[in-house]
Amino acid sequence: MPERCAWVTSDPDYIAYHDEQWGVPLHDDQALFEMLTLEGAQAGLSWLTVLRKRAAYREAFAGFDPARVARFTPARVEELLADPGIVRNRLKVESTVNNARRFLEVQREHGTFDAYLWGFVGGAPVVNAFRAGAEVPAKTATSDALSKDLLRRGFKFVGSTICYALMQATGMVNDHLVSCFRHGQVSQLRQSSQPSQPKKTAGGPGAKKSRGKHG
């Protein structure tokens with residue numbers, strides 16, 4: 001049996017998420033909006049709880065298409081609060097709609113949310129070499145900076161701890177323990193990981209920029 005990170009339980013959903021997704025560089029805007037939403041939904045809960053609701057979230061939030069979610073009305077929010085498939089927390093549901101609108105604003109400014117987000121790590125994954133789960137931080141100076149900027153832009157449920165979990169999940173940092181069989185595999189993806197290029201606009205370039213805790 002391959003050795004995995006300390007936070008992984010024997011649950012098959014957890015194992016599949018760890019082995020196939022966690023730490024893999026992610027550059028698709030719609031997928032990034034999904035992870036931003038799910039990490040925010042996790043606040044106060046276990047990641048496994050949210051992971052098991054992922055399919056229901058995709059159904060409830062239009063496949064995590066931010067343009068569609070941004071158009072959700074108060075009536076639609078009330079419908080979602082009656083959906084047992086998702087976390088029925090009003091603040092979290094309303095924040096998802098709000099964040100979709102802020103997400104579109106970032107896209108307009110930077111061309112892609114991907115280009116904006118990955119700018120915080122210089123466009124390439126940070127490969128850490130932690131040997132024990134206790135060494136993995138809950139937040140860093142980079143997640144602090146990301147959180148501060150997202151909050152300034154009006155995003156909700158984007159505290160530094162949530163932002164660092166997002167960074168781990170989307171491969172901005174490789175926090176697999178060095179003893180984990182995925183550490184080396186994910187590290188090899190570093191060279192092929194490239195943020196999407198910002199779109200050009202009439203005014204010039206669209207962009208300008210410089211889990212171990214799951215569960």
# chains A, B, ... in the order shown; residues from 1 in each chain; ligands from 1
call {"tool": "select_by_dssp", "arguments": {"residues": "segment 34-118 of chain A", "states": "alpha helix (DSSP H)", "output": "MDAnalysis selection string"}}
result
chainID A and resid 34:42 47:51 54:60 66:69 74:80 90:110 113:118
call {"tool": "residues_around", "arguments": {"residues": "segment 63-65 of chain A", "least_positions_apart": "5", "cutoff": "8 Å", "atoms": "only C-alpha atoms", "output": "ChimeraX atom specification"}}
result
/A:30-31,33-34,57-58
call {"tool": "write_last_selection", "arguments": {"atoms": "C-alpha atoms", "output": "JSON list (two decimals), in the first residue's frame"}}
result
[["chain", "number", "residue", "atom", "x", "y", "z"],
["A", 30, "GLN", "CA", -14.35, 27.44, -13.72],
["A", 31, "ALA", "CA", -12.55, 24.75, -11.71],
["A", 33, "PHE", "CA", -14.21, 29.01, -8.85],
["A", 34, "GLU", "CA", -15.41, 25.57, -7.75],
["A", 57, "TYR", "CA", -22.90, 21.62, -5.37],
["A", 58, "ARG", "CA", -22.17, 21.33, -9.07]]
call {"tool": "residues_around", "arguments": {"residues": "Leu51 of chain A", "least_positions_apart": "4", "cutoff": "12 Å", "atoms": "only C-alpha atoms", "output": "JSON, numbers by chain"}}
result
{"A": [11, 12, 13, 14, 15, 16, 17, 18, 21, 22, 34, 35, 37, 38, 39, 41, 42, 45, 46, 47, 55, 56, 57, 58, 85, 86, 87, 214, 215]}
call {"tool": "select_by_dssp", "arguments": {"residues": "segment 3-215 of chain A", "states": "strand (DSSP E)", "output": "PyMOL selection string"}}
result
chain A and resi 126-127+173-174+200-201+204-205
call {"tool": "atom_distance", "arguments": {"atom1": "atom CA of Arg182 of chain A", "atom2": "atom CA of Asp19 of chain A"}}
result
6.8 Å
call {"tool": "residues_around", "arguments": {"residues": "Tyr164 of chain A", "least_positions_apart": "5", "cutoff": "7 Å", "atoms": "only C-alpha atoms", "output": "PyMOL selection string"}}
result
chain A and resi 138-139+143
call {"tool": "closest_residue", "arguments": {"among": "A:Leu189, A:Ala145, A:Val106, A:Ala60", "to": "Val93 of chain A", "atoms": "only C-alpha atoms"}}
result
A:Ala60
call {"tool": "residues_around", "arguments": {"residues": "Ser187 of chain A", "least_positions_apart": "3", "cutoff": "10 Å", "atoms": "only C-alpha atoms", "output": "list in words"}}
result
Gly23, Val24, Pro25, Pro125, Val126, Val127, Asn128, Gly171, Val173, Asn174, Asp175, His176, Arg182, His183, Gly184, Arg190 and Gln191 of chain A
call {"tool": "closest_residue", "arguments": {"among": "A:Leu36, A:Arg88, A:Asp144, A:Pro66", "to": "Phe157 of chain A", "atoms": "only C-alpha atoms"}}
result
A:Leu36
call {"tool": "atom_distance", "arguments": {"atom1": "atom CA of Gln107 of chain A", "atom2": "atom CA of Thr161 of chain A"}}
result
23.4 Å
call {"tool": "decode", "arguments": {"residues": "segment 121-169 of chain A", "atoms": "N, CA and C atoms", "output": "tab-separated table (two decimals), in the first residue's frame"}}
result
chain	number	residue	atom	x	y	z
A	121	VAL	N	2.22	33.35	-6.44
A	121	VAL	CA	3.36	32.43	-6.27
A	121	VAL	C	4.30	32.53	-7.47
A	122	GLY	N	4.24	33.66	-8.17
A	122	GLY	CA	5.14	33.87	-9.29
A	122	GLY	C	4.88	32.98	-10.48
A	123	GLY	N	3.68	32.42	-10.55
A	123	GLY	CA	3.30	31.62	-11.71
A	123	GLY	C	3.73	30.17	-11.68
A	124	ALA	N	4.39	29.72	-10.60
A	124	ALA	CA	4.86	28.34	-10.52
A	124	ALA	C	4.62	27.79	-9.12
A	125	PRO	N	4.32	26.50	-9.01
A	125	PRO	CA	4.07	25.91	-7.69
A	125	PRO	C	5.26	26.02	-6.75
A	126	VAL	N	4.97	26.23	-5.49
A	126	VAL	CA	5.98	26.19	-4.44
A	126	VAL	C	6.06	24.75	-3.95
A	127	VAL	N	7.21	24.12	-4.07
A	127	VAL	CA	7.37	22.73	-3.66
A	127	VAL	C	8.00	22.69	-2.27
A	128	ASN	N	7.20	22.27	-1.30
A	128	ASN	CA	7.69	22.16	0.06
A	128	ASN	C	8.23	20.76	0.34
A	129	ALA	N	8.89	20.60	1.45
A	129	ALA	CA	9.50	19.30	1.79
A	129	ALA	C	9.22	18.97	3.25
A	130	PHE	N	7.96	18.96	3.60
A	130	PHE	CA	7.57	18.65	4.97
A	130	PHE	C	7.64	17.15	5.22
A	131	ARG	N	8.09	16.80	6.42
A	131	ARG	CA	8.25	15.38	6.76
A	131	ARG	C	7.19	14.89	7.74
A	132	ALA	N	6.45	15.80	8.32
A	132	ALA	CA	5.40	15.42	9.26
A	132	ALA	C	4.23	16.39	9.12
A	133	GLY	N	3.04	15.87	9.36
A	133	GLY	CA	1.86	16.70	9.23
A	133	GLY	C	1.90	17.94	10.10
A	134	ALA	N	2.55	17.83	11.26
A	134	ALA	CA	2.63	18.97	12.17
A	134	ALA	C	3.44	20.12	11.60
A	135	GLU	N	4.27	19.85	10.59
A	135	GLU	CA	5.08	20.90	9.99
A	135	GLU	C	4.29	21.72	8.97
A	136	VAL	N	3.20	21.18	8.48
A	136	VAL	CA	2.44	21.86	7.43
A	136	VAL	C	1.67	23.03	8.04
A	137	PRO	N	1.89	24.23	7.54
A	137	PRO	CA	1.24	25.40	8.15
A	137	PRO	C	-0.25	25.47	7.80
A	138	ALA	N	-0.99	26.20	8.62
A	138	ALA	CA	-2.40	26.45	8.34
A	138	ALA	C	-2.55	27.68	7.45
A	139	LYS	N	-1.53	28.54	7.48
A	139	LYS	CA	-1.51	29.73	6.64
A	139	LYS	C	-0.08	30.20	6.53
A	140	THR	N	0.17	31.07	5.56
A	140	THR	CA	1.51	31.61	5.33
A	140	THR	C	1.40	33.09	5.00
A	141	ALA	N	2.55	33.73	4.84
A	141	ALA	CA	2.55	35.14	4.46
A	141	ALA	C	1.88	35.32	3.10
A	142	THR	N	2.06	34.33	2.21
A	142	THR	CA	1.43	34.42	0.89
A	142	THR	C	-0.08	34.30	0.98
A	143	SER	N	-0.56	33.37	1.79
A	143	SER	CA	-2.02	33.24	1.95
A	143	SER	C	-2.58	34.46	2.65
A	144	ASP	N	-1.80	35.06	3.55
A	144	ASP	CA	-2.23	36.31	4.19
A	144	ASP	C	-2.43	37.40	3.13
A	145	ALA	N	-1.47	37.49	2.22
A	145	ALA	CA	-1.54	38.53	1.17
A	145	ALA	C	-2.71	38.27	0.23
A	146	LEU	N	-2.92	37.01	-0.13
A	146	LEU	CA	-4.03	36.65	-1.01
A	146	LEU	C	-5.36	36.97	-0.33
A	147	SER	N	-5.49	36.57	0.92
A	147	SER	CA	-6.71	36.83	1.67
A	147	SER	C	-6.99	38.33	1.76
A	148	LYS	N	-5.98	39.09	2.09
A	148	LYS	CA	-6.15	40.54	2.22
A	148	LYS	C	-6.62	41.16	0.91
A	149	ASP	N	-6.05	40.71	-0.21
A	149	ASP	CA	-6.42	41.29	-1.49
A	149	ASP	C	-7.83	40.87	-1.89
A	150	LEU	N	-8.19	39.60	-1.66
A	150	LEU	CA	-9.54	39.14	-1.99
A	150	LEU	C	-10.57	39.87	-1.15
A	151	LEU	N	-10.29	40.06	0.13
A	151	LEU	CA	-11.22	40.79	0.99
A	151	LEU	C	-11.37	42.24	0.53
A	152	ARG	N	-10.27	42.82	0.11
A	152	ARG	CA	-10.32	44.19	-0.40
A	152	ARG	C	-11.21	44.29	-1.62
A	153	ARG	N	-11.23	43.22	-2.40
A	153	ARG	CA	-12.04	43.17	-3.62
A	153	ARG	C	-13.49	42.81	-3.34
A	154	GLY	N	-13.82	42.50	-2.09
A	154	GLY	CA	-15.20	42.22	-1.74
A	154	GLY	C	-15.57	40.76	-1.64
A	155	PHE	N	-14.60	39.85	-1.76
A	155	PHE	CA	-14.88	38.43	-1.61
A	155	PHE	C	-15.21	38.12	-0.15
A	156	LYS	N	-15.98	37.04	0.06
A	156	LYS	CA	-16.34	36.59	1.40
A	156	LYS	C	-15.83	35.17	1.62
A	157	PHE	N	-15.68	34.80	2.87
A	157	PHE	CA	-15.17	33.47	3.26
A	157	PHE	C	-13.83	33.19	2.59
A	158	VAL	N	-12.92	34.13	2.71
A	158	VAL	CA	-11.59	34.01	2.11
A	158	VAL	C	-10.53	34.42	3.14
A	159	GLY	N	-10.69	33.93	4.37
A	159	GLY	CA	-9.66	34.17	5.37
A	159	GLY	C	-8.37	33.48	4.97
A	160	SER	N	-7.30	33.79	5.66
A	160	SER	CA	-5.99	33.26	5.27
A	160	SER	C	-5.93	31.74	5.32
A	161	THR	N	-6.57	31.12	6.31
A	161	THR	CA	-6.56	29.65	6.40
A	161	THR	C	-7.29	29.04	5.21
A	162	ILE	N	-8.43	29.62	4.84
A	162	ILE	CA	-9.17	29.14	3.67
A	162	ILE	C	-8.34	29.33	2.42
A	163	CYS	N	-7.67	30.47	2.32
A	163	CYS	CA	-6.84	30.73	1.14
A	163	CYS	C	-5.68	29.74	1.04
A	164	TYR	N	-5.10	29.39	2.18
A	164	TYR	CA	-3.99	28.43	2.10
A	164	TYR	C	-4.50	27.05	1.69
A	165	ALA	N	-5.67	26.67	2.20
A	165	ALA	CA	-6.26	25.40	1.77
A	165	ALA	C	-6.53	25.42	0.27
A	166	LEU	N	-6.95	26.58	-0.25
A	166	LEU	CA	-7.16	26.73	-1.69
A	166	LEU	C	-5.84	26.58	-2.43
A	167	MET	N	-4.78	27.17	-1.92
A	167	MET	CA	-3.47	27.07	-2.54
A	167	MET	C	-2.99	25.62	-2.57
A	168	GLN	N	-3.23	24.90	-1.49
A	168	GLN	CA	-2.85	23.48	-1.45
A	168	GLN	C	-3.66	22.67	-2.45
A	169	ALA	N	-4.96	22.91	-2.47
A	169	ALA	CA	-5.85	22.11	-3.33
A	169	ALA	C	-5.58	22.33	-4.81
